[in-house]
$ cat upload-v2.txt   # compact mmCIF, N, CA and C atoms
# COMPACT_ATOMS: atom_id res chain seq x y z
N MET A 1 -39.37 -92.80 167.92
CA MET A 1 -38.78 -94.11 167.96
C MET A 1 -39.57 -95.02 167.03
N ASN A 2 -38.86 -95.84 166.30
CA ASN A 2 -39.46 -96.86 165.45
C ASN A 2 -38.91 -98.21 165.85
N VAL A 3 -39.75 -99.21 165.83
CA VAL A 3 -39.32 -100.58 166.06
C VAL A 3 -39.45 -101.31 164.73
N VAL A 4 -38.36 -101.85 164.26
CA VAL A 4 -38.34 -102.56 162.98
C VAL A 4 -37.91 -103.98 163.26
N THR A 5 -38.68 -104.94 162.79
CA THR A 5 -38.35 -106.34 163.02
C THR A 5 -37.81 -106.96 161.74
N GLY A 6 -37.03 -107.98 161.89
CA GLY A 6 -36.49 -108.69 160.75
C GLY A 6 -35.14 -109.28 161.09
N SER A 7 -34.53 -109.89 160.12
CA SER A 7 -33.22 -110.52 160.29
C SER A 7 -32.16 -109.47 160.60
N GLY A 8 -31.37 -109.74 161.63
CA GLY A 8 -30.29 -108.81 161.97
C GLY A 8 -29.29 -108.65 160.86
N ALA A 9 -29.04 -109.73 160.13
CA ALA A 9 -28.07 -109.69 159.04
C ALA A 9 -28.54 -108.77 157.91
N GLU A 10 -29.84 -108.62 157.75
CA GLU A 10 -30.35 -107.76 156.67
C GLU A 10 -30.87 -106.44 157.21
N VAL A 11 -31.95 -106.49 157.97
CA VAL A 11 -32.58 -105.27 158.46
C VAL A 11 -31.68 -104.54 159.46
N GLY A 12 -31.11 -105.29 160.39
CA GLY A 12 -30.24 -104.68 161.40
C GLY A 12 -29.04 -104.01 160.79
N GLU A 13 -28.43 -104.66 159.84
CA GLU A 13 -27.25 -104.09 159.19
C GLU A 13 -27.61 -102.83 158.42
N GLU A 14 -28.73 -102.84 157.73
CA GLU A 14 -29.18 -101.66 156.99
C GLU A 14 -29.44 -100.49 157.93
N LEU A 15 -30.13 -100.76 159.04
CA LEU A 15 -30.38 -99.70 160.03
C LEU A 15 -29.08 -99.17 160.62
N LEU A 16 -28.18 -100.08 160.90
CA LEU A 16 -26.91 -99.70 161.50
C LEU A 16 -26.10 -98.79 160.59
N ARG A 17 -26.16 -99.02 159.30
CA ARG A 17 -25.34 -98.27 158.35
C ARG A 17 -26.06 -97.09 157.69
N HIS A 18 -27.37 -97.00 157.82
CA HIS A 18 -28.13 -95.94 157.12
C HIS A 18 -27.79 -94.56 157.69
N PRO A 19 -27.53 -93.58 156.83
CA PRO A 19 -27.10 -92.26 157.31
C PRO A 19 -28.16 -91.49 158.10
N LYS A 20 -29.44 -91.79 157.90
CA LYS A 20 -30.50 -91.07 158.62
C LYS A 20 -30.74 -91.62 160.03
N VAL A 21 -30.23 -92.81 160.31
CA VAL A 21 -30.36 -93.39 161.66
C VAL A 21 -29.22 -92.83 162.50
N ARG A 22 -29.59 -92.08 163.56
CA ARG A 22 -28.57 -91.40 164.35
C ARG A 22 -28.26 -92.09 165.67
N ARG A 23 -29.13 -93.00 166.09
CA ARG A 23 -28.91 -93.70 167.36
C ARG A 23 -29.33 -95.16 167.22
N ILE A 24 -28.55 -96.05 167.82
CA ILE A 24 -28.83 -97.49 167.80
C ILE A 24 -28.91 -97.99 169.24
N ALA A 25 -29.96 -98.74 169.55
CA ALA A 25 -30.06 -99.44 170.83
C ALA A 25 -30.10 -100.93 170.51
N PHE A 26 -29.23 -101.69 171.14
CA PHE A 26 -29.13 -103.12 170.85
C PHE A 26 -29.10 -103.91 172.13
N THR A 27 -29.87 -104.99 172.18
CA THR A 27 -29.82 -105.94 173.28
C THR A 27 -29.51 -107.30 172.67
N GLY A 28 -28.42 -107.92 173.12
CA GLY A 28 -28.07 -109.23 172.58
C GLY A 28 -26.68 -109.65 172.96
N SER A 29 -26.06 -110.40 172.08
CA SER A 29 -24.77 -111.01 172.39
C SER A 29 -23.63 -110.00 172.36
N THR A 30 -22.57 -110.32 173.08
CA THR A 30 -21.38 -109.48 173.11
C THR A 30 -20.74 -109.42 171.73
N GLU A 31 -20.73 -110.51 171.01
CA GLU A 31 -20.13 -110.55 169.68
C GLU A 31 -20.81 -109.55 168.73
N VAL A 32 -22.13 -109.59 168.68
CA VAL A 32 -22.86 -108.67 167.81
C VAL A 32 -22.75 -107.24 168.35
N GLY A 33 -22.74 -107.08 169.66
CA GLY A 33 -22.56 -105.76 170.26
C GLY A 33 -21.26 -105.11 169.83
N ARG A 34 -20.19 -105.89 169.74
CA ARG A 34 -18.90 -105.36 169.24
C ARG A 34 -19.05 -104.82 167.82
N HIS A 35 -19.74 -105.59 166.99
CA HIS A 35 -19.95 -105.17 165.60
C HIS A 35 -20.76 -103.87 165.57
N VAL A 36 -21.82 -103.81 166.35
CA VAL A 36 -22.65 -102.60 166.40
C VAL A 36 -21.80 -101.41 166.82
N MET A 37 -20.99 -101.59 167.85
CA MET A 37 -20.15 -100.50 168.35
C MET A 37 -19.13 -100.05 167.30
N GLU A 38 -18.53 -101.00 166.59
CA GLU A 38 -17.54 -100.66 165.56
C GLU A 38 -18.16 -99.83 164.45
N VAL A 39 -19.31 -100.29 163.93
CA VAL A 39 -19.95 -99.57 162.83
C VAL A 39 -20.50 -98.23 163.32
N ALA A 40 -21.15 -98.21 164.46
CA ALA A 40 -21.69 -96.96 165.00
C ALA A 40 -20.56 -95.95 165.25
N GLY A 41 -19.42 -96.41 165.70
CA GLY A 41 -18.28 -95.54 165.94
C GLY A 41 -17.76 -94.91 164.65
N ARG A 42 -17.67 -95.72 163.60
CA ARG A 42 -17.20 -95.18 162.31
C ARG A 42 -18.18 -94.14 161.77
N GLU A 43 -19.46 -94.37 162.00
CA GLU A 43 -20.50 -93.47 161.48
C GLU A 43 -20.81 -92.33 162.46
N ILE A 44 -20.16 -92.30 163.60
CA ILE A 44 -20.39 -91.33 164.68
C ILE A 44 -21.86 -91.34 165.10
N LYS A 45 -22.38 -92.51 165.38
CA LYS A 45 -23.76 -92.65 165.87
C LYS A 45 -23.72 -92.93 167.36
N ARG A 46 -24.72 -92.48 168.06
CA ARG A 46 -24.86 -92.82 169.47
C ARG A 46 -25.34 -94.26 169.56
N ASP A 47 -24.90 -94.95 170.59
CA ASP A 47 -25.37 -96.32 170.76
C ASP A 47 -25.60 -96.63 172.23
N THR A 48 -26.54 -97.53 172.46
CA THR A 48 -26.84 -98.06 173.78
C THR A 48 -26.83 -99.57 173.64
N LEU A 49 -25.95 -100.23 174.39
CA LEU A 49 -25.80 -101.67 174.27
C LEU A 49 -26.11 -102.36 175.59
N GLU A 50 -26.92 -103.37 175.54
CA GLU A 50 -27.21 -104.23 176.69
C GLU A 50 -26.77 -105.62 176.28
N LEU A 51 -25.60 -106.03 176.76
CA LEU A 51 -24.97 -107.23 176.22
C LEU A 51 -24.89 -108.38 177.21
N GLY A 52 -25.05 -109.56 176.69
CA GLY A 52 -24.68 -110.79 177.37
C GLY A 52 -25.44 -111.14 178.62
N ARG A 53 -24.74 -111.49 179.60
CA ARG A 53 -25.18 -112.24 180.76
C ARG A 53 -26.21 -111.54 181.65
N LYS A 54 -26.95 -112.39 182.34
CA LYS A 54 -27.79 -111.91 183.43
C LYS A 54 -26.98 -112.06 184.71
N ARG A 55 -27.42 -111.44 185.77
CA ARG A 55 -26.60 -111.41 186.98
C ARG A 55 -26.90 -112.58 187.91
N SER A 56 -25.96 -112.82 188.80
CA SER A 56 -26.17 -113.84 189.83
C SER A 56 -26.29 -113.14 191.17
N GLU A 57 -26.92 -113.80 192.10
CA GLU A 57 -27.11 -113.21 193.42
C GLU A 57 -27.06 -114.31 194.47
N ILE A 58 -26.41 -114.03 195.58
CA ILE A 58 -26.33 -114.97 196.70
C ILE A 58 -26.92 -114.28 197.92
N VAL A 59 -27.86 -114.94 198.56
CA VAL A 59 -28.47 -114.42 199.78
C VAL A 59 -28.06 -115.35 200.91
N CYS A 60 -27.37 -114.80 201.92
CA CYS A 60 -26.83 -115.63 203.00
C CYS A 60 -27.54 -115.37 204.33
N GLU A 61 -27.90 -116.44 204.98
CA GLU A 61 -28.35 -116.42 206.36
C GLU A 61 -29.38 -115.35 206.67
N MET A 62 -30.45 -115.30 205.89
CA MET A 62 -31.52 -114.34 206.14
C MET A 62 -32.85 -115.07 206.17
N PRO A 63 -33.70 -114.72 207.12
CA PRO A 63 -35.04 -115.31 207.10
C PRO A 63 -35.81 -114.81 205.88
N THR A 64 -36.83 -115.56 205.48
CA THR A 64 -37.61 -115.25 204.29
C THR A 64 -38.24 -113.86 204.34
N SER A 65 -38.51 -113.35 205.51
CA SER A 65 -39.24 -112.09 205.63
C SER A 65 -38.36 -110.84 205.47
N THR A 66 -37.05 -110.99 205.36
CA THR A 66 -36.20 -109.80 205.28
C THR A 66 -36.27 -109.15 203.90
N PRO A 67 -36.13 -107.82 203.84
CA PRO A 67 -36.18 -107.12 202.55
C PRO A 67 -35.17 -107.60 201.52
N PRO A 68 -33.89 -107.89 201.88
CA PRO A 68 -32.97 -108.37 200.84
C PRO A 68 -33.41 -109.68 200.20
N ARG A 69 -33.95 -110.58 201.00
CA ARG A 69 -34.42 -111.86 200.46
C ARG A 69 -35.61 -111.64 199.53
N LYS A 70 -36.54 -110.77 199.94
CA LYS A 70 -37.68 -110.48 199.08
C LYS A 70 -37.23 -109.81 197.79
N ALA A 71 -36.26 -108.91 197.89
CA ALA A 71 -35.73 -108.24 196.70
C ALA A 71 -35.09 -109.25 195.75
N ALA A 72 -34.40 -110.24 196.30
CA ALA A 72 -33.78 -111.28 195.47
C ALA A 72 -34.86 -112.10 194.76
N ASP A 73 -35.92 -112.41 195.47
CA ASP A 73 -37.03 -113.15 194.85
C ASP A 73 -37.64 -112.36 193.71
N VAL A 74 -37.89 -111.08 193.93
CA VAL A 74 -38.45 -110.23 192.89
C VAL A 74 -37.48 -110.13 191.71
N GLY A 75 -36.18 -110.00 192.00
CA GLY A 75 -35.18 -109.92 190.95
C GLY A 75 -35.16 -111.12 190.03
N ARG A 76 -35.55 -112.26 190.57
CA ARG A 76 -35.56 -113.48 189.76
C ARG A 76 -36.88 -113.69 189.04
N PHE A 77 -37.99 -113.41 189.70
CA PHE A 77 -39.27 -113.82 189.16
C PHE A 77 -40.14 -112.69 188.62
N PHE A 78 -39.77 -111.43 188.86
CA PHE A 78 -40.53 -110.30 188.31
C PHE A 78 -40.51 -110.36 186.78
N ASN A 79 -41.62 -110.12 186.18
CA ASN A 79 -41.73 -110.11 184.71
C ASN A 79 -41.30 -111.45 184.11
N CYS A 80 -41.50 -112.52 184.84
CA CYS A 80 -41.16 -113.89 184.40
C CYS A 80 -39.70 -114.03 184.00
N GLY A 81 -38.82 -113.18 184.53
CA GLY A 81 -37.41 -113.26 184.21
C GLY A 81 -37.05 -112.71 182.85
N GLN A 82 -38.01 -112.11 182.15
CA GLN A 82 -37.77 -111.61 180.79
C GLN A 82 -37.29 -110.17 180.80
N MET A 83 -36.17 -109.94 181.43
CA MET A 83 -35.58 -108.61 181.43
C MET A 83 -34.07 -108.78 181.55
N CYS A 84 -33.35 -107.81 181.05
CA CYS A 84 -31.90 -107.93 180.97
C CYS A 84 -31.22 -108.02 182.32
N LEU A 85 -31.80 -107.41 183.34
CA LEU A 85 -31.13 -107.40 184.64
C LEU A 85 -31.69 -108.46 185.59
N GLY A 86 -32.51 -109.36 185.09
CA GLY A 86 -33.07 -110.41 185.93
C GLY A 86 -31.99 -111.31 186.51
N VAL A 87 -32.19 -111.71 187.75
CA VAL A 87 -31.24 -112.61 188.40
C VAL A 87 -31.34 -113.98 187.74
N LYS A 88 -30.27 -114.44 187.15
CA LYS A 88 -30.28 -115.74 186.47
C LYS A 88 -29.97 -116.87 187.43
N ARG A 89 -29.04 -116.64 188.35
CA ARG A 89 -28.64 -117.66 189.31
C ARG A 89 -28.88 -117.12 190.71
N LEU A 90 -29.74 -117.78 191.45
CA LEU A 90 -30.07 -117.36 192.82
C LEU A 90 -29.72 -118.49 193.77
N SER A 91 -28.84 -118.20 194.71
CA SER A 91 -28.43 -119.19 195.68
C SER A 91 -28.73 -118.65 197.07
N CYS A 92 -29.43 -119.43 197.87
CA CYS A 92 -29.79 -119.00 199.21
C CYS A 92 -29.31 -120.03 200.23
N THR A 93 -28.83 -119.53 201.34
CA THR A 93 -28.47 -120.43 202.43
C THR A 93 -29.57 -120.33 203.48
N PRO A 94 -29.84 -121.38 204.21
CA PRO A 94 -30.92 -121.34 205.21
C PRO A 94 -30.57 -120.41 206.36
N PRO A 95 -31.59 -119.81 207.00
CA PRO A 95 -31.34 -118.93 208.16
C PRO A 95 -30.71 -119.70 209.31
N VAL A 96 -29.92 -119.00 210.08
CA VAL A 96 -29.26 -119.63 211.23
C VAL A 96 -30.19 -119.68 212.40
$ encode --input "upload-v2.txt" --output "structure tokens"
Amino acid sequence: MNVVTGSGAEVGEELLRHPKVRRIAFTGSTEVGRHVMEVAGREIKRDTLELGRKRSEIVCEMPTSTPPRKAADVGRFFNCGQMCLGVKRLSCTPPV
């Protein structure tokens, strides 16, 4: 695996179209993901796409000590929220 940094319009496009690159992994917008998928499909390259939104979670009527509530807290704050599956919107209702 190689990690190459630079402008997506230049470096990313070159990597996407280069014949020696056989697999593309992309994390970003749905719009750019469509482009990656279109080009990778024409070139018969494997691709892994992580696109767009983070998830939302609602926790209803649970005391703070329950495992689902703790899992929701971890989902939001683990790794400072810097992960694709991090909970973006967390809504909790007070315990009954």
$ residues_around --input "upload-v2.txt" --residues "Gly12 (chain A)" --least-positions-apart "3" --cutoff "12 Å" --atoms "only C-alpha atoms" --output "list in words"
Val3, Val4, Thr5, Gly6, Ser7, Gly8, Ala9, Leu15, Leu16, Arg17, His18, Val21, Ile24, Ala25, Phe26, Thr27, Val32, Gly33, His35, Val36 and Val39 of chain A
$ atom_distance --input "upload-v2.txt" --atom1 "atom C of Glu43 (chain A)" --atom2 "atom C of Glu13 (chain A)"
13.1 Å
$ atom_distance --input "upload-v2.txt" --atom1 "CA of Ile44 (chain A)" --atom2 "atom C of Arg22 (chain A)"
8.0 Å
$ atom_distance --input "upload-v2.txt" --atom1 "CA of Lys70 (chain A)" --atom2 "CA of Leu51 (chain A)"
26.4 Å
